[in-house]
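Containing PDB, C-alpha atoms: input_9.pdb.
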```pdb
ATOM      1  CA  MET A  22     -43.451  34.032 -26.116
ATOM      2  CA  ILE A  23     -41.489  33.490 -29.309
ATOM      3  CA  LYS A  24     -42.527  30.267 -31.044
ATOM      4  CA  ALA A  25     -40.619  28.658 -33.904
ATOM      5  CA  PHE A  26     -40.908  25.484 -35.910
ATOM      6  CA  VAL A  27     -38.794  23.094 -37.945
ATOM      7  CA  PHE A  28     -40.194  20.645 -40.450
ATOM      8  CA  GLY A  29     -38.871  17.758 -42.496
ATOM      9  CA  LYS A  30     -39.165  14.112 -43.393
ATOM     10  CA  PHE A  31     -36.269  13.074 -41.156
ATOM     11  CA  LEU A  32     -35.912   9.944 -43.278
ATOM     12  CA  PRO A  33     -33.657   9.171 -41.595
ATOM     13  CA  PHE A  34     -33.091  11.663 -38.794
ATOM     14  CA  HIS A  35     -29.353  12.456 -38.847
ATOM     15  CA  LYS A  36     -26.770  14.611 -37.067
ATOM     16  CA  GLY A  37     -27.319  17.506 -39.448
ATOM     17  CA  HIS A  38     -30.985  17.568 -38.413
ATOM     18  CA  GLU A  39     -29.955  17.238 -34.778
ATOM     19  CA  ALA A  40     -27.609  20.224 -35.074
ATOM     20  CA  MET A  41     -30.302  22.303 -36.785
ATOM     21  CA  ILE A  42     -32.795  21.569 -34.003
ATOM     22  CA  ASN A  43     -30.218  22.466 -31.346
ATOM     23  CA  PHE A  44     -29.607  25.726 -33.201
ATOM     24  CA  ALA A  45     -33.361  26.359 -33.452
ATOM     25  CA  LEU A  46     -33.817  25.883 -29.709
ATOM     26  CA  ASN A  47     -31.612  28.929 -29.159
ATOM     27  CA  THR A  48     -33.768  31.155 -31.391
ATOM     28  CA  CYS A  49     -37.060  30.876 -29.508
ATOM     29  CA  ASP A  50     -38.892  30.200 -26.261
ATOM     30  CA  PHE A  51     -40.701  27.171 -27.644
ATOM     31  CA  LEU A  52     -39.897  24.944 -30.619
ATOM     32  CA  SER A  53     -42.103  22.551 -32.554
ATOM     33  CA  VAL A  54     -40.666  19.920 -34.871
ATOM     34  CA  LEU A  55     -43.057  18.616 -37.506
ATOM     35  CA  VAL A  56     -42.384  15.166 -38.957
ATOM     36  CA  CYS A  57     -43.938  15.067 -42.433
ATOM     37  CA  CYS A  58     -44.711  11.554 -43.636
ATOM     38  CA  SER A  59     -46.433  10.525 -46.871
ATOM     39  CA  ASP A  60     -48.655   7.490 -47.336
ATOM     40  CA  LYS A  61     -46.020   5.936 -49.643
ATOM     41  CA  GLU A  62     -43.135   5.934 -47.141
ATOM     42  CA  GLU A  63     -42.364   2.693 -45.311
ATOM     43  CA  ILE A  64     -40.998   4.118 -42.052
ATOM     44  CA  SER A  65     -43.917   5.530 -40.071
ATOM     45  CA  SER A  66     -44.060   9.038 -38.672
ATOM     46  CA  SER A  67     -44.339   7.584 -35.143
ATOM     47  CA  ILE A  68     -40.952   5.870 -35.482
ATOM     48  CA  ARG A  69     -39.310   9.046 -36.775
ATOM     49  CA  LYS A  70     -41.005  11.034 -34.005
ATOM     50  CA  LYS A  71     -39.549   8.626 -31.433
ATOM     51  CA  TRP A  72     -36.044   9.065 -32.875
ATOM     52  CA  ILE A  73     -36.226  12.817 -32.314
ATOM     53  CA  GLU A  74     -37.930  12.552 -28.920
ATOM     54  CA  ASN A  75     -35.179  10.240 -27.690
ATOM     55  CA  ALA A  76     -32.484  12.578 -28.993
ATOM     56  CA  PHE A  77     -34.005  15.544 -27.134
ATOM     57  CA  PHE A  78     -35.345  13.730 -24.102
ATOM     58  CA  GLY A  79     -35.775  15.946 -21.041
ATOM     59  CA  ILE A  80     -35.863  19.283 -22.865
ATOM     60  CA  PRO A  81     -39.179  20.969 -21.889
ATOM     61  CA  LYS A  82     -39.263  23.684 -24.558
ATOM     62  CA  ILE A  83     -39.582  21.309 -27.516
ATOM     63  CA  GLU A  84     -42.435  19.232 -28.898
ATOM     64  CA  ILE A  85     -42.439  16.729 -31.757
ATOM     65  CA  ARG A  86     -45.548  16.505 -33.940
ATOM     66  CA  GLU A  87     -46.563  14.217 -36.798
ATOM     67  CA  TYR A  88     -48.224  15.162 -40.063
ATOM     68  CA  THR A  89     -49.230  12.353 -42.417
ATOM     69  CA  TYR A  90     -50.434  13.170 -45.924
ATOM     70  CA  PHE A  91     -51.384  11.549 -49.205
ATOM     71  CA  GLU A  92     -49.008  12.073 -52.121
ATOM     72  CA  SER A  93     -52.063  12.309 -54.360
ATOM     73  CA  GLU A  94     -53.065  15.451 -52.465
ATOM     74  CA  LEU A  95     -49.795  17.171 -51.544
ATOM     75  CA  PRO A  96     -46.438  17.414 -53.382
ATOM     76  CA  ASN A  97     -43.772  15.076 -52.044
ATOM     77  CA  THR A  98     -40.488  16.738 -52.961
ATOM     78  CA  SER A  99     -37.455  18.293 -51.297
ATOM     79  CA  GLU A 100     -36.688  20.596 -54.210
ATOM     80  CA  SER A 101     -36.696  24.348 -53.618
ATOM     81  CA  SER A 102     -39.800  25.429 -55.501
ATOM     82  CA  GLU A 103     -41.910  28.525 -54.865
ATOM     83  CA  GLU A 104     -45.012  26.758 -56.113
ATOM     84  CA  VAL A 105     -44.513  23.765 -53.802
ATOM     85  CA  SER A 106     -43.546  26.019 -50.891
ATOM     86  CA  LYS A 107     -46.745  28.039 -51.313
ATOM     87  CA  ILE A 108     -48.856  24.877 -50.997
ATOM     88  CA  TRP A 109     -47.017  23.683 -47.895
ATOM     89  CA  ALA A 110     -47.100  27.164 -46.369
ATOM     90  CA  THR A 111     -50.887  26.861 -46.245
ATOM     91  CA  ILE A 112     -50.570  23.607 -44.292
ATOM     92  CA  PHE A 113     -47.983  25.061 -41.913
ATOM     93  CA  ARG A 114     -50.121  28.147 -41.291
ATOM     94  CA  GLN A 115     -52.885  25.825 -40.104
ATOM     95  CA  GLN A 116     -50.489  23.832 -37.951
ATOM     96  CA  PHE A 117     -48.677  26.838 -36.462
ATOM     97  CA  PRO A 118     -51.001  29.871 -36.412
ATOM     98  CA  GLU A 119     -49.160  31.701 -33.624
ATOM     99  CA  TYR A 120     -45.602  31.023 -34.724
ATOM    100  CA  SER A 121     -43.288  33.765 -35.963
ATOM    101  CA  ILE A 122     -40.126  31.894 -37.012
ATOM    102  CA  ILE A 123     -39.254  28.972 -39.268
ATOM    103  CA  ILE A 124     -35.764  27.459 -39.163
ATOM    104  CA  SER A 125     -34.485  25.364 -42.044
ATOM    105  CA  SER A 126     -31.297  24.279 -43.769
ATOM    106  CA  GLU A 127     -32.799  24.488 -47.263
ATOM    107  CA  GLU A 128     -33.429  27.353 -49.683
ATOM    108  CA  TYR A 129     -37.140  26.585 -49.728
ATOM    109  CA  GLY A 130     -37.312  27.788 -46.130
ATOM    110  CA  TYR A 131     -37.225  31.352 -47.477
ATOM    111  CA  PHE A 132     -40.176  30.625 -49.772
ATOM    112  CA  VAL A 133     -42.249  29.051 -47.000
ATOM    113  CA  ALA A 134     -41.550  31.993 -44.687
ATOM    114  CA  LYS A 135     -42.506  34.422 -47.452
ATOM    115  CA  TYR A 136     -45.942  32.853 -47.966
ATOM    116  CA  MET A 137     -46.529  32.521 -44.230
ATOM    117  CA  THR A 138     -45.343  36.137 -43.709
ATOM    118  CA  ILE A 139     -43.032  35.072 -40.906
ATOM    119  CA  LYS A 140     -39.257  35.166 -40.374
ATOM    120  CA  HIS A 141     -36.897  32.538 -41.777
ATOM    121  CA  ILE A 142     -33.627  31.736 -40.020
ATOM    122  CA  ALA A 143     -31.250  29.638 -42.100
ATOM    123  CA  PHE A 144     -28.974  27.010 -40.628
ATOM    124  CA  ASP A 145     -25.961  25.744 -42.570
ATOM    125  CA  ILE A 146     -27.585  25.660 -46.010
ATOM    126  CA  PRO A 147     -24.189  24.860 -47.658
ATOM    127  CA  LYS A 148     -23.938  21.773 -45.353
ATOM    128  CA  GLN A 149     -20.485  22.774 -44.091
ATOM    129  CA  ILE A 150     -20.969  21.747 -40.461
ATOM    130  CA  PHE A 151     -22.355  18.307 -41.315
ATOM    131  CA  PRO A 152     -21.693  17.552 -44.997
ATOM    132  CA  ILE A 153     -24.433  14.967 -45.205
ATOM    133  CA  SER A 154     -27.997  14.481 -46.385
ATOM    134  CA  ALA A 155     -30.634  11.836 -45.786
ATOM    135  CA  SER A 156     -30.420  10.720 -49.415
ATOM    136  CA  THR A 157     -26.640  10.212 -49.141
ATOM    137  CA  ILE A 158     -27.036   8.158 -45.982
ATOM    138  CA  LYS A 159     -29.683   5.965 -47.611
ATOM    139  CA  LYS A 160     -27.334   5.178 -50.500
ATOM    140  CA  ASN A 161     -24.692   3.691 -48.208
ATOM    141  CA  GLY A 162     -25.684   3.092 -44.617
ATOM    142  CA  TYR A 163     -22.334   1.538 -43.723
ATOM    143  CA  ALA A 164     -20.093   4.358 -44.958
ATOM    144  CA  ASN A 165     -22.302   7.048 -43.408
ATOM    145  CA  TRP A 166     -23.208   5.182 -40.243
ATOM    146  CA  ASN A 167     -21.753   7.692 -37.795
ATOM    147  CA  TYR A 168     -23.841  10.543 -39.178
ATOM    148  CA  LEU A 169     -26.783   8.876 -37.416
ATOM    149  CA  PRO A 170     -27.561   9.804 -33.788
ATOM    150  CA  LYS A 171     -27.638   7.016 -31.214
ATOM    151  CA  SER A 172     -31.432   7.214 -31.101
ATOM    152  CA  VAL A 173     -31.616   6.139 -34.764
ATOM    153  CA  LYS A 174     -28.844   3.554 -35.065
ATOM    154  CA  PRO A 175     -30.635   0.540 -33.526
ATOM    155  CA  TYR A 176     -33.369   0.765 -36.163
ATOM    156  CA  PHE A 177     -30.868   0.351 -39.013
ATOM    157  CA  SER A 178     -28.264  -1.885 -37.357
ATOM    158  CA  ILE A 179     -27.479  -5.203 -39.054
ATOM    159  CA  LYS A 180     -27.307  -8.074 -36.577
ATOM    160  CA  VAL A 181     -25.695 -11.450 -37.193
ATOM    161  CA  VAL A 182     -26.156 -14.138 -34.532
ATOM    162  CA  LEU A 183     -23.953 -17.204 -34.105
ATOM    163  CA  LEU A 184     -25.864 -20.120 -32.628
ATOM    164  CA  GLY A 185     -25.044 -23.693 -31.683
ATOM    165  CA  THR A 186     -24.561 -26.027 -28.762
ATOM    166  CA  GLU A 187     -21.551 -25.915 -26.456
ATOM    167  CA  SER A 188     -18.018 -26.215 -27.859
ATOM    168  CA  THR A 189     -18.811 -25.393 -31.475
ATOM    169  CA  GLY A 190     -16.606 -22.293 -31.729
ATOM    170  CA  LYS A 191     -19.149 -19.488 -31.296
ATOM    171  CA  THR A 192     -17.072 -17.288 -28.991
ATOM    172  CA  THR A 193     -13.823 -17.617 -30.920
ATOM    173  CA  LEU A 194     -15.599 -17.080 -34.221
ATOM    174  CA  THR A 195     -17.402 -13.987 -32.903
ATOM    175  CA  GLN A 196     -14.071 -12.450 -31.937
ATOM    176  CA  LYS A 197     -12.426 -13.316 -35.256
ATOM    177  CA  LEU A 198     -15.340 -11.933 -37.264
ATOM    178  CA  SER A 199     -15.408  -8.699 -35.280
ATOM    179  CA  SER A 200     -11.725  -8.221 -36.087
ATOM    180  CA  TYR A 201     -12.134  -9.236 -39.741
ATOM    181  CA  PHE A 202     -15.062  -6.877 -40.408
ATOM    182  CA  ASN A 203     -13.884  -4.197 -37.961
ATOM    183  CA  CYS A 204     -17.316  -4.222 -36.382
ATOM    184  CA  SER A 205     -19.038  -4.415 -33.003
ATOM    185  CA  GLN A 206     -19.470  -7.688 -31.159
ATOM    186  CA  VAL A 207     -21.729  -8.844 -28.357
ATOM    187  CA  GLU A 208     -20.131 -11.384 -26.063
ATOM    188  CA  GLU A 209     -22.253 -14.107 -24.511
ATOM    189  CA  SER A 210     -23.535 -12.715 -21.213
ATOM    190  CA  ALA A 211     -23.935 -16.204 -19.739
ATOM    191  CA  ARG A 212     -20.153 -16.523 -19.516
ATOM    192  CA  ASP A 213     -20.080 -13.654 -17.005
ATOM    193  CA  ILE A 214     -23.136 -14.734 -15.025
ATOM    194  CA  ILE A 215     -22.896 -18.536 -15.112
ATOM    195  CA  ALA A 216     -19.400 -19.871 -14.418
ATOM    196  CA  ASN A 217     -20.318 -23.518 -14.891
ATOM    197  CA  SER A 218     -22.987 -25.111 -17.125
ATOM    198  CA  LYS A 219     -23.494 -27.761 -14.459
ATOM    199  CA  ALA A 220     -24.266 -25.381 -11.606
ATOM    200  CA  PHE A 221     -26.700 -22.496 -12.004
ATOM    201  CA  SER A 222     -30.238 -21.496 -11.055
ATOM    202  CA  PHE A 223     -33.348 -20.721 -13.098
ATOM    203  CA  SER A 224     -33.125 -17.088 -11.997
ATOM    204  CA  ASP A 225     -29.597 -16.958 -13.454
ATOM    205  CA  LEU A 226     -31.113 -17.596 -16.877
ATOM    206  CA  GLU A 227     -33.526 -14.690 -16.408
ATOM    207  CA  ARG A 228     -30.551 -12.474 -15.598
ATOM    208  CA  VAL A 229     -28.704 -13.778 -18.672
ATOM    209  CA  ALA A 230     -31.618 -12.934 -20.979
ATOM    210  CA  LYS A 231     -31.924  -9.375 -19.647
ATOM    211  CA  GLU A 232     -28.191  -8.688 -19.628
ATOM    212  CA  HIS A 233     -27.672 -10.072 -23.122
ATOM    213  CA  SER A 234     -30.521  -7.935 -24.446
ATOM    214  CA  LEU A 235     -28.959  -4.847 -22.865
ATOM    215  CA  ARG A 236     -25.595  -5.645 -24.464
ATOM    216  CA  ILE A 237     -27.214  -5.976 -27.877
ATOM    217  CA  THR A 238     -29.004  -2.635 -27.461
ATOM    218  CA  ASN A 239     -25.780  -0.884 -26.484
ATOM    219  CA  SER A 240     -23.792  -2.409 -29.332
ATOM    220  CA  CYS A 241     -26.419  -1.459 -31.911
ATOM    221  CA  SER A 242     -25.899   2.204 -30.964
ATOM    222  CA  GLY A 243     -22.152   1.924 -31.471
ATOM    223  CA  GLU A 244     -19.585   2.813 -34.111
ATOM    224  CA  SER A 245     -20.407  -0.027 -36.506
ATOM    225  CA  ARG A 246     -23.632  -0.815 -38.327
ATOM    226  CA  LEU A 247     -22.731  -4.507 -38.431
ATOM    227  CA  VAL A 248     -22.967  -6.309 -35.081
ATOM    228  CA  ILE A 249     -21.813  -9.905 -34.506
ATOM    229  CA  ILE A 250     -23.644 -11.554 -31.594
ATOM    230  CA  ASP A 251     -22.561 -14.661 -29.687
ATOM    231  CA  THR A 252     -25.829 -16.608 -29.077
ATOM    232  CA  ASN A 253     -29.234 -15.086 -28.313
ATOM    233  CA  VAL A 254     -32.368 -15.442 -26.201
ATOM    234  CA  TYR A 255     -33.485 -18.677 -27.859
ATOM    235  CA  THR A 256     -30.381 -20.398 -26.547
ATOM    236  CA  THR A 257     -31.295 -19.220 -23.043
ATOM    237  CA  ILE A 258     -34.844 -20.534 -23.507
ATOM    238  CA  SER A 259     -33.423 -23.872 -24.626
ATOM    239  CA  TYR A 260     -31.273 -24.120 -21.486
ATOM    240  CA  SER A 261     -34.312 -23.373 -19.283
ATOM    241  CA  ARG A 262     -36.164 -26.289 -20.839
ATOM    242  CA  PHE A 263     -33.200 -28.644 -21.030
ATOM    243  CA  VAL A 264     -31.983 -28.158 -17.461
ATOM    244  CA  PHE A 265     -35.125 -27.164 -15.511
ATOM    245  CA  GLY A 266     -38.048 -28.219 -17.707
ATOM    246  CA  GLN A 267     -39.479 -24.705 -17.326
ATOM    247  CA  GLU A 268     -40.361 -21.840 -19.653
ATOM    248  CA  LEU A 269     -38.815 -18.408 -19.241
ATOM    249  CA  ASP A 270     -41.346 -15.574 -18.962
ATOM    250  CA  LEU A 271     -39.656 -12.722 -20.802
ATOM    251  CA  GLU A 272     -40.790  -9.271 -21.898
ATOM    252  CA  GLU A 273     -41.567  -8.717 -25.570
ATOM    253  CA  ASP A 274     -38.825  -6.080 -25.761
ATOM    254  CA  ILE A 275     -36.226  -8.775 -25.143
ATOM    255  CA  TYR A 276     -37.480 -10.811 -28.106
ATOM    256  CA  ALA A 277     -37.525  -7.694 -30.298
ATOM    257  CA  THR A 278     -33.965  -6.794 -29.360
ATOM    258  CA  ASN A 279     -32.797 -10.335 -30.137
ATOM    259  CA  THR A 280     -34.290 -10.281 -33.641
ATOM    260  CA  ALA A 281     -31.465 -10.521 -36.185
ATOM    261  CA  ASN A 282     -30.907 -10.190 -39.926
ATOM    262  CA  LEU A 283     -28.928 -13.415 -40.172
ATOM    263  CA  TYR A 284     -28.798 -16.535 -38.003
ATOM    264  CA  LEU A 285     -25.848 -18.881 -38.455
ATOM    265  CA  TYR A 286     -25.969 -22.239 -36.697
ATOM    266  CA  LEU A 287     -22.687 -24.030 -36.024
ATOM    267  CA  ASP A 288     -23.240 -27.771 -36.110
ATOM    268  CA  LYS A 289     -21.879 -30.123 -33.444
ATOM    269  CA  GLU A 290     -19.735 -32.239 -35.808
ATOM    270  CA  ILE A 291     -16.493 -30.749 -34.547
ATOM    271  CA  GLU A 292     -14.026 -31.770 -31.846
ATOM    272  CA  PHE A 293     -15.558 -31.449 -28.375
ATOM    273  CA  VAL A 294     -13.328 -29.563 -25.917
ATOM    274  CA  GLN A 295     -14.112 -30.023 -22.225
ATOM    275  CA  ASP A 296     -12.792 -27.015 -20.337
ATOM    276  CA  GLY A 297     -14.208 -28.107 -16.989
ATOM    277  CA  THR A 298     -17.240 -25.809 -17.097
ATOM    278  CA  ARG A 299     -19.236 -27.472 -19.860
ATOM    279  CA  LEU A 300     -21.792 -30.245 -19.994
ATOM    280  CA  THR A 301     -20.628 -33.747 -20.903
ATOM    281  CA  GLU A 302     -20.311 -34.479 -24.605
ATOM    282  CA  ASP A 303     -23.504 -36.567 -24.591
ATOM    283  CA  GLU A 304     -25.421 -33.795 -22.822
ATOM    284  CA  ARG A 305     -23.984 -31.249 -25.238
ATOM    285  CA  ASN A 306     -25.287 -33.282 -28.162
ATOM    286  CA  LEU A 307     -28.754 -33.525 -26.599
ATOM    287  CA  LEU A 308     -28.661 -29.770 -26.007
ATOM    288  CA  ASP A 309     -28.043 -29.321 -29.739
ATOM    289  CA  PHE A 310     -31.372 -31.012 -30.427
ATOM    290  CA  SER A 311     -33.075 -28.750 -27.864
ATOM    291  CA  HIS A 312     -31.601 -25.602 -29.448
ATOM    292  CA  ARG A 313     -32.822 -26.589 -32.888
ATOM    293  CA  GLN A 314     -36.303 -27.411 -31.600
ATOM    294  CA  VAL A 315     -36.663 -23.990 -29.938
ATOM    295  CA  LEU A 316     -35.573 -22.260 -33.130
ATOM    296  CA  ARG A 317     -38.085 -24.220 -35.209
ATOM    297  CA  GLU A 318     -40.907 -23.453 -32.771
ATOM    298  CA  ASN A 319     -40.146 -19.741 -33.046
ATOM    299  CA  SER A 320     -39.846 -19.818 -36.858
ATOM    300  CA  ILE A 321     -36.189 -18.785 -36.805
ATOM    301  CA  ASP A 322     -34.612 -19.607 -40.162
ATOM    302  CA  PHE A 323     -30.898 -20.280 -39.931
ATOM    303  CA  ILE A 324     -28.038 -21.278 -42.184
ATOM    304  CA  GLU A 325     -26.085 -24.347 -41.145
ATOM    305  CA  ILE A 326     -22.312 -23.917 -40.775
ATOM    306  CA  SER A 327     -20.104 -27.023 -40.713
ATOM    307  CA  GLY A 328     -16.616 -28.311 -41.413
ATOM    308  CA  THR A 329     -13.235 -27.537 -39.875
ATOM    309  CA  TRP A 330     -12.606 -24.371 -37.847
ATOM    310  CA  GLN A 331     -11.174 -22.649 -40.916
ATOM    311  CA  GLU A 332     -13.987 -23.840 -43.157
ATOM    312  CA  ARG A 333     -16.529 -22.474 -40.693
ATOM    313  CA  PHE A 334     -14.779 -19.111 -40.646
ATOM    314  CA  GLU A 335     -14.787 -18.926 -44.453
ATOM    315  CA  GLN A 336     -18.439 -19.973 -44.743
ATOM    316  CA  VAL A 337     -19.543 -17.345 -42.237
ATOM    317  CA  ILE A 338     -17.547 -14.603 -43.979
ATOM    318  CA  GLU A 339     -19.252 -15.500 -47.251
ATOM    319  CA  GLN A 340     -22.715 -15.280 -45.691
ATOM    320  CA  ILE A 341     -22.016 -11.968 -43.975
ATOM    321  CA  ASN A 342     -20.602 -10.446 -47.166
ATOM    322  CA  LEU A 343     -23.793 -11.386 -48.968
ATOM    323  CA  LEU A 344     -25.826  -9.723 -46.229
ATOM    324  CA  VAL A 345     -23.712  -6.550 -46.225
ATOM    325  CA  ASN A 346     -24.009  -6.181 -49.998
ATOM    326  CA  ALA A 347     -27.772  -6.682 -49.821
ATOM    327  CA  THR A 348     -28.267  -4.107 -47.044
ATOM    328  CA  LYS A 349     -25.982  -1.296 -48.191
ATOM    329  CA  THR A 350     -28.939   0.992 -48.935
ATOM    330  CA  PHE A 351     -31.762   1.842 -46.546
TER     331      PHE A 351
END
```

Represent the supplied structure as structure tokens.
Amino acid sequence: MIKAFVFGKFLPFHKGHEAMINFALNTCDFLSVLVCCSDKEEISSSIRKKWIENAFFGIPKIEIREYTYFESELPNTSESSEEVSKIWATIFRQQFPEYSIIISSEEYGYFVAKYMTIKHIAFDIPKQIFPISASTIKKNGYANWNYLPKSVKPYFSIKVVLLGTESTGKTTLTQKLSSYFNCSQVEESARDIIANSKAFSFSDLERVAKEHSLRITNSCSGESRLVIIDTNVYTTISYSRFVFGQELDLEEDIYATNTANLYLYLDKEIEFVQDGTRLTEDERNLLDFSHRQVLRENSIDFIEISGTWQERFEQVIEQINLLVNATKTF
């Protein structure tokens, strides 16, 4: 059996890495991918391992391993150095004693192979197939977003949630912002499951929470790093209390998916529009209090948005621009 291995930081794992691993799979009977993670790096090896496992799910001839090290003990560099390669070759020889091939897209792959006395197969060292590197992606996550595989995108997506009681402009504003920023949007799932705020069951709210979470997950793997979301799970929890006096029992994954980078709360001091499916204006105002209470209980910090429809639009754009500028790098 011909065994080969690939190694790297995969920080982040990108489509160039993905292509190299696909290439490597065709050179051997069994492939190991080693995720090298130092003690100084914030993203754990287990997260990076999961990115790659998800990208190659269902392929039996590949395994993903983790190797964590201290920078005080081993060199932490991507430069092509014979001296550094010799040190790491000793580690790799211990990790892969029966392997005969190393595949890499860097010049140092030749050095490592030399000191391990095995064969090196190069893949796209000039970066012509995917002209990208992890360092370039980290400098501007928005511009290089689509060099990330779907398995990685949710980790780095930037989520903005619009909150507020009924008839405060959340849906319209979500659509306008998606167009303005040319980004993904998540429509409120309740609109498709609950036709009328005055007539629905407790189980409908459970369905809403699950469906909305699924929509967020799908959108965060899409073409845009920025995702505008119309309401979230805390609104659904508020409805369950307000209408039924009951607590929703939801999985932790749903709460994790609904976590956002920015929460914008549209206040109720705007013209109430009754479209025939909404609560009365008095009930809507009481629901506003319920929404705010749920957010406070769950330590959700939000920015209040008020004023006319146009003023709300301008305030939200300002807040999102601040967020985008602050999150350009990984």

Identify the residues around (-32.2, -22.6, -27.9) within a radius of 12 Å, measuring from only C-alpha atoms in the coordinates stated by the file, and give them as a PyMOL selection string. chain A and resi 183-187+230+252-264+268-269+286+307-319+321

Writer output for current selection, C-alpha atoms, as a tab-separated table (two decimals), in the coordinates of the input:
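Here's the written file selection19.tsv:
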```
chain	number	residue	atom	x	y	z
A	183	LEU	CA	-23.95	-17.20	-34.10
A	184	LEU	CA	-25.86	-20.12	-32.63
A	185	GLY	CA	-25.04	-23.69	-31.68
A	186	THR	CA	-24.56	-26.03	-28.76
A	187	GLU	CA	-21.55	-25.92	-26.46
A	230	ALA	CA	-31.62	-12.93	-20.98
A	252	THR	CA	-25.83	-16.61	-29.08
A	253	ASN	CA	-29.23	-15.09	-28.31
A	254	VAL	CA	-32.37	-15.44	-26.20
A	255	TYR	CA	-33.48	-18.68	-27.86
A	256	THR	CA	-30.38	-20.40	-26.55
A	257	THR	CA	-31.30	-19.22	-23.04
A	258	ILE	CA	-34.84	-20.53	-23.51
A	259	SER	CA	-33.42	-23.87	-24.63
A	260	TYR	CA	-31.27	-24.12	-21.49
A	261	SER	CA	-34.31	-23.37	-19.28
A	262	ARG	CA	-36.16	-26.29	-20.84
A	263	PHE	CA	-33.20	-28.64	-21.03
A	264	VAL	CA	-31.98	-28.16	-17.46
A	268	GLU	CA	-40.36	-21.84	-19.65
A	269	LEU	CA	-38.82	-18.41	-19.24
A	286	TYR	CA	-25.97	-22.24	-36.70
A	307	LEU	CA	-28.75	-33.52	-26.60
A	308	LEU	CA	-28.66	-29.77	-26.01
A	309	ASP	CA	-28.04	-29.32	-29.74
A	310	PHE	CA	-31.37	-31.01	-30.43
A	311	SER	CA	-33.08	-28.75	-27.86
A	312	HIS	CA	-31.60	-25.60	-29.45
A	313	ARG	CA	-32.82	-26.59	-32.89
A	314	GLN	CA	-36.30	-27.41	-31.60
A	315	VAL	CA	-36.66	-23.99	-29.94
A	316	LEU	CA	-35.57	-22.26	-33.13
A	317	ARG	CA	-38.08	-24.22	-35.21
A	318	GLU	CA	-40.91	-23.45	-32.77
A	319	ASN	CA	-40.15	-19.74	-33.05
A	321	ILE	CA	-36.19	-18.78	-36.80
```

Taking the file as I've supplied it (selection: the PyMOL selection byres ((chain A and resi 64-66) around 10)), which residues are included? Please answer as a PyMOL selection string. chain A and resi 30-33+55-63+67-72+86-89

Might you pull out every residue within 9 Å of stretch 132-136 of chain A, with only C-alpha atoms counted and same-chain residues fewer than 6 positions away left off, and present them as a ChimeraX atom specification? /A:101-111,113,122-123

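Minimum atom-to-atom distance to A:Lys349, evaluated using all atoms listed in the file, belongs to A:Tyr163 out of A:Glu273, A:Lys171, A:Gly297, A:Tyr163.
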
Of the residues A:Arg236, A:Val182, A:Glu209, A:Glu290, which is the one nearest to A:Val337, using all atoms listed in the file? A:Val182

To test your reading of the syntax: which residues would the PyMOL selection byres ((chain A and resi 336) around 12) return for the file shown? Reply as a list of chain:residue names. A:Leu194, A:Leu198, A:Leu285, A:Tyr286, A:Leu287, A:Ile324, A:Glu325, A:Ile326, A:Ser327, A:Gly328, A:Thr329, A:Trp330, A:Gln331, A:Glu332, A:Arg333, A:Phe334, A:Glu335, A:Val337, A:Ile338, A:Glu339, A:Gln340, A:Ile341, A:Asn342, A:Leu343

What box, with edges along x, y and z, holds each listed atom of stretch 333-340 of chain A when 3 Å is added on every side, and can you state its centre and edge lengths in Å to one decimal, as lines of an AutoDock Vina configuration file?
```
center_x = -18.7
center_y = -18.5
center_z = -43.9
size_x = 13.9
size_y = 13.9
size_z = 12.6
```

One residue among A:Thr298, A:Ser121, A:Asn97, A:Thr48 is nearest to A:Ala220 when using only C-alpha atoms, and that residue is A:Thr298

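Atom pair atom CA of A:Thr280 / atom CA of A:Glu39 has a distance of 27.9 Å (rounded to one decimal).
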
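Separating atom CA of A:Thr350 from atom CA of A:Asn161 is a distance of 5.1 Å.
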
Nearest to A:Lys231, chosen from A:Tyr276, A:Phe144, A:Phe323, A:Phe78, with all atoms listed in the file counted in the distances: A:Tyr276

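Relative to atom CA of A:Lys289, atom CA of A:Glu304 is found at 11.8 Å.
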
When you look at A:Ser222 with a cut-off of 12 Å (counting all atoms listed in the file), what residues show up, excluding the ones that are within fewer than 6 positions of it in the same chain? I need them as a ChimeraX atom specification. /A:211,214-216,228-229,260-261,264-265,267

Residues within 12 Å of A:Phe351, all atoms listed in the file, excluding chain neighbours under 4 positions, as a count of residues only: 24
